[in-house]
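Engineer: Just passing along the structure, written as structure tokens.
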Amino acid sequence: MKRFFKIVLTIAVIAFICYGVSYFILPVNSIKLEEYTHEVAVICNDAYIVRDETVYYATCAGTVYNTAAEGERVSNNQSIADIYGGEDISTYLKQLDTIDRKVKRLTQQSIGSEVYQIDELSQEGEISSKMNEIISLSKTDSVQEIHEARTLINGYRSGNVISTSDKLWELDRERIEIEAKLGSKSDVVSTSSGIFSSYVDGLEAVLSPDNIEQYTPEYIRSLAETPDGARNGKKVAIGDKLCKVMNNHEWYVIAVIDNEYRTLCKENTSVSLKFPDIAADKAEGTVRYISDPDENNECIVLIRVPSYTELAFAYRHANVDIVLESYSGYKIPSYAIHTGSGMNSYYVYAMKGSKTYKCECEVVYNDPAGEYAVIRSVDGTENSLAAMDRLVVGER
């Protein structure tokens, strides 16, 4: 028992000594300086992504086969789908799909169009690479890809590797033979460049930036998507919706906001858009229109985004945070700020190691409740906050 009390007493003495040393070194109350960004944002649960979209319709009856991939960038006058008039062509369509995937893989690999002339060292490297690829593919049960990798390894070892151009020629010949069995074919050709999608939701012709002044918050909330479903590999009748191409140079967001944010959301104001349910990335845009408030004190805002963002072409209805203002610096307790002698002159005390410095600062944001502020160093100041470790918030 006595030994136990001796141990406890020893620990207490050590703790007291450590506290005394720390008190001597840091005789003030301090907190760690950390960078912080405060955002003033409007959270919108009723927002719609609006794009310039061209919907394509079936001009004849038959089975659809998309020649463009979902999300692919297509050019003007490019074939994006075919309609075949033959019966029971599902097997042939699967064969075409397999050929397309092979062509895509060969193109991505960019092996070259000439016959391989491989020295022994590079050949071993290619074989090793393909072996590692087989190990990865085995985890995904990609039987076709594994077979192709093994065939290529055998080709390397036997010296019978053929060029990519020859492989593509063979695949094109296979395609022609299969298409000959599909019956009559009608091409669907794009009339504009953009992003291809096989999903049509029924709002393509309903929402348009040009009609923004006609919309009301109530109308926006009443909108409902009516997905038509992907038609690829299915039978269609004349006039059925097939697919669409979306302008990828710009897109818009239409959102309902409270009138209290109207003064911060003026036309031509730059804002950032965040999609918390979709992705962590931001999209930068500009307010193009804001309506007068309705009887419920709500407004409609239209924001233009002039750059391609992948998520904008995969969703229609989304939760959007419109970031109106952003303040970056150091978040500190308001009471730690001292007033200087000049107009808008402020400073704080901060520490580097055991030394304390007076640091001039700029207050970029004050919490309305007065609990905290966001500060940053004054340009050209001798003692920059970025060089400090801790902020002095008071005496011990």
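By order in the structure tokens, chains are A, B, ...; within a chain, residues start at 1; ligands start at 1, following the order shown.
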Excluding Met351 (chain A) and any residue of its chain fewer than 5 positions from it, enumerate the residues within 9 Å of it, using only C-alpha atoms, and give them as JSON, numbers by chain.

Structural biologist: {"A": [30, 356, 357, 358, 388, 389, 390, 391, 392]}

Engineer: When you look at region 87-101 of chain A with a cut-off of 7 Å (counting only C-alpha atoms), what residues show up, excluding the ones that are within fewer than 4 positions of it in the same chain? I need them as a PDB file with N, CA and C atoms, in the first residue's frame.

Structural biologist:
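Final output, saved to around.pdb:
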```pdb
ATOM      1  N   ARG A 105     -10.614   0.221 -75.853  1.00  0.00           N
ATOM      2  CA  ARG A 105      -9.416  -0.147 -75.093  1.00  0.00           C
ATOM      3  C   ARG A 105      -8.157   0.010 -75.943  1.00  0.00           C
ATOM      4  N   LEU A 171     -11.367  -5.610 -86.380  1.00  0.00           N
ATOM      5  CA  LEU A 171     -12.601  -5.326 -85.640  1.00  0.00           C
ATOM      6  C   LEU A 171     -13.610  -4.618 -86.528  1.00  0.00           C
ATOM      7  N   ARG A 175     -17.337  -5.815 -87.528  1.00  0.00           N
ATOM      8  CA  ARG A 175     -18.516  -4.952 -87.378  1.00  0.00           C
ATOM      9  C   ARG A 175     -19.359  -4.965 -88.659  1.00  0.00           C
ATOM     10  N   ILE A 178     -21.321  -8.176 -88.972  1.00  0.00           N
ATOM     11  CA  ILE A 178     -22.447  -8.258 -88.030  1.00  0.00           C
ATOM     12  C   ILE A 178     -23.572  -7.324 -88.462  1.00  0.00           C
ATOM     13  N   LEU A 182     -28.116  -7.388 -89.456  1.00  0.00           N
ATOM     14  CA  LEU A 182     -29.084  -6.654 -88.633  1.00  0.00           C
ATOM     15  C   LEU A 182     -30.266  -6.111 -89.420  1.00  0.00           C
TER      16      LEU A 182
END
```

Engineer: I want to know what sits within 8 Å of Ile254 (chain A), based on only C-alpha atoms, with residues of the same chain fewer than 5 positions away left out; could you give that as a list in words?

Structural biologist: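 After dropping sequence-adjacent residues, the list is Ala47, Tyr48, Ile49, Val50, Ile300, Val301, Leu302 and Ile303 of chain A.
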
Engineer: Identify, on the basis of only C-alpha atoms, every residue whose closest approach to Ser384 (chain A) does not exceed 10 Å; exclude the query and any residue fewer than 3 positions from it along the same chain; express the result as a PyMOL selection string.

Structural biologist: chain A and resi 350+357-361+376-381+387-388

Engineer: Select, from A:Cys44, A:Val323, A:Leu385, A:Val393, the residue with the minimum atom-to-atom distance to Asp277 (chain A), counting only C-alpha atoms.

Structural biologist: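 Looking only at the distances to Asp277 (chain A), the closest residue turns out to be A:Cys44.
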
Engineer: When you draw a straight line from CA of Val188 (chain A) to CA of Ala224 (chain A), how long is it in Å?

Structural biologist: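 For CA of Val188 (chain A) relative to CA of Ala224 (chain A), the distance reads 28.1 Å.
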
Engineer: Which residues are near Tyr289 (chain A)? Cut-off 12 Å, only C-alpha atoms, ignore same chain within fewer than 6 positions. Put them as a count of residues only.

Structural biologist: 24

Engineer: Tell me, as an mmCIF file with N, CA and C atoms, in the first residue's frame, which residues lie within 12 Å of Lys234 (chain A), counting only C-alpha atoms; anything in the same chain fewer than 6 positions away does not count.

Structural biologist:
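Final output, around-v4.cif:
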```
data_model
loop_
_atom_site.group_PDB
_atom_site.id
_atom_site.type_symbol
_atom_site.label_atom_id
_atom_site.label_comp_id
_atom_site.auth_asym_id
_atom_site.auth_seq_id
_atom_site.Cartn_x
_atom_site.Cartn_y
_atom_site.Cartn_z
ATOM 1 N N ALA A 58 -36.996 8.942 -82.853
ATOM 2 C CA ALA A 58 -36.936 7.865 -83.849
ATOM 3 C C ALA A 58 -37.723 8.257 -85.094
ATOM 4 N N ALA A 61 -39.346 2.665 -87.056
ATOM 5 C CA ALA A 61 -39.462 1.656 -86.004
ATOM 6 C C ALA A 61 -38.303 0.673 -86.094
ATOM 7 N N GLY A 62 -37.910 0.130 -84.949
ATOM 8 C CA GLY A 62 -36.828 -0.840 -84.940
ATOM 9 C C GLY A 62 -36.182 -0.939 -83.568
ATOM 10 N N THR A 63 -34.947 -1.426 -83.533
ATOM 11 C CA THR A 63 -34.197 -1.573 -82.286
ATOM 12 C C THR A 63 -33.042 -0.585 -82.276
ATOM 13 N N VAL A 64 -32.901 0.141 -81.155
ATOM 14 C CA VAL A 64 -31.883 1.196 -81.055
ATOM 15 C C VAL A 64 -30.554 0.616 -80.598
ATOM 16 N N TYR A 65 -29.483 1.119 -81.211
ATOM 17 C CA TYR A 65 -28.129 0.795 -80.748
ATOM 18 C C TYR A 65 -27.345 2.104 -80.713
ATOM 19 N N ASN A 66 -26.945 2.537 -79.516
ATOM 20 C CA ASN A 66 -26.191 3.778 -79.392
ATOM 21 C C ASN A 66 -24.763 3.592 -79.874
ATOM 22 N N ASP A 82 -28.020 4.165 -83.988
ATOM 23 C CA ASP A 82 -28.564 3.492 -85.176
ATOM 24 C C ASP A 82 -29.859 2.799 -84.801
ATOM 25 N N ILE A 83 -30.772 2.737 -85.742
ATOM 26 C CA ILE A 83 -32.021 1.994 -85.562
ATOM 27 C C ILE A 83 -32.046 0.877 -86.601
ATOM 28 N N TYR A 84 -32.090 -0.374 -86.129
ATOM 29 C CA TYR A 84 -32.074 -1.533 -87.011
ATOM 30 C C TYR A 84 -33.469 -2.123 -87.111
ATOM 31 N N GLY A 85 -33.826 -2.510 -88.346
ATOM 32 C CA GLY A 85 -35.178 -3.006 -88.575
ATOM 33 C C GLY A 85 -35.319 -4.506 -88.493
ATOM 34 N N GLU A 87 -35.326 -8.498 -86.944
ATOM 35 C CA GLU A 87 -35.973 -9.136 -85.801
ATOM 36 C C GLU A 87 -34.957 -9.906 -84.973
ATOM 37 N N ASP A 88 -35.185 -9.947 -83.668
ATOM 38 C CA ASP A 88 -34.369 -10.734 -82.734
ATOM 39 C C ASP A 88 -32.876 -10.478 -82.971
ATOM 40 N N ILE A 89 -32.477 -9.246 -82.773
ATOM 41 C CA ILE A 89 -31.087 -8.864 -83.063
ATOM 42 C C ILE A 89 -30.277 -8.633 -81.786
ATOM 43 N N SER A 90 -30.814 -9.033 -80.639
ATOM 44 C CA SER A 90 -30.136 -8.775 -79.363
ATOM 45 C C SER A 90 -28.726 -9.379 -79.318
ATOM 46 N N LEU A 93 -26.374 -7.234 -81.320
ATOM 47 C CA LEU A 93 -26.098 -5.970 -80.627
ATOM 48 C C LEU A 93 -25.050 -6.169 -79.534
ATOM 49 N N SER A 198 -28.133 9.065 -73.053
ATOM 50 C CA SER A 198 -29.255 8.243 -73.507
ATOM 51 C C SER A 198 -30.468 8.396 -72.595
ATOM 52 N N ASP A 240 -40.633 8.120 -80.904
ATOM 53 C CA ASP A 240 -40.124 7.894 -79.543
ATOM 54 C C ASP A 240 -38.830 8.680 -79.314
ATOM 55 N N LYS A 241 -38.654 9.137 -78.073
ATOM 56 C CA LYS A 241 -37.413 9.813 -77.707
ATOM 57 C C LYS A 241 -36.284 8.791 -77.627
ATOM 58 N N LEU A 242 -35.145 9.133 -78.214
ATOM 59 C CA LEU A 242 -34.013 8.208 -78.246
ATOM 60 C C LEU A 242 -32.891 8.611 -77.297
#
```

Engineer: Pick the closest to Leu33 (chain A) from A:Pro333, A:Gly394, A:Gly239, A:Pro368: which is it, counting only C-alpha atoms?

Structural biologist: A:Pro333

Engineer: Could you give me the residues within region 206-341 of chain A that DSSP places in strand (DSSP E or B), as a PyMOL selection string?

Structural biologist: chain A and resi 235-236+241-246+251-258+270-274+282-290+298-305+317-333+338-339
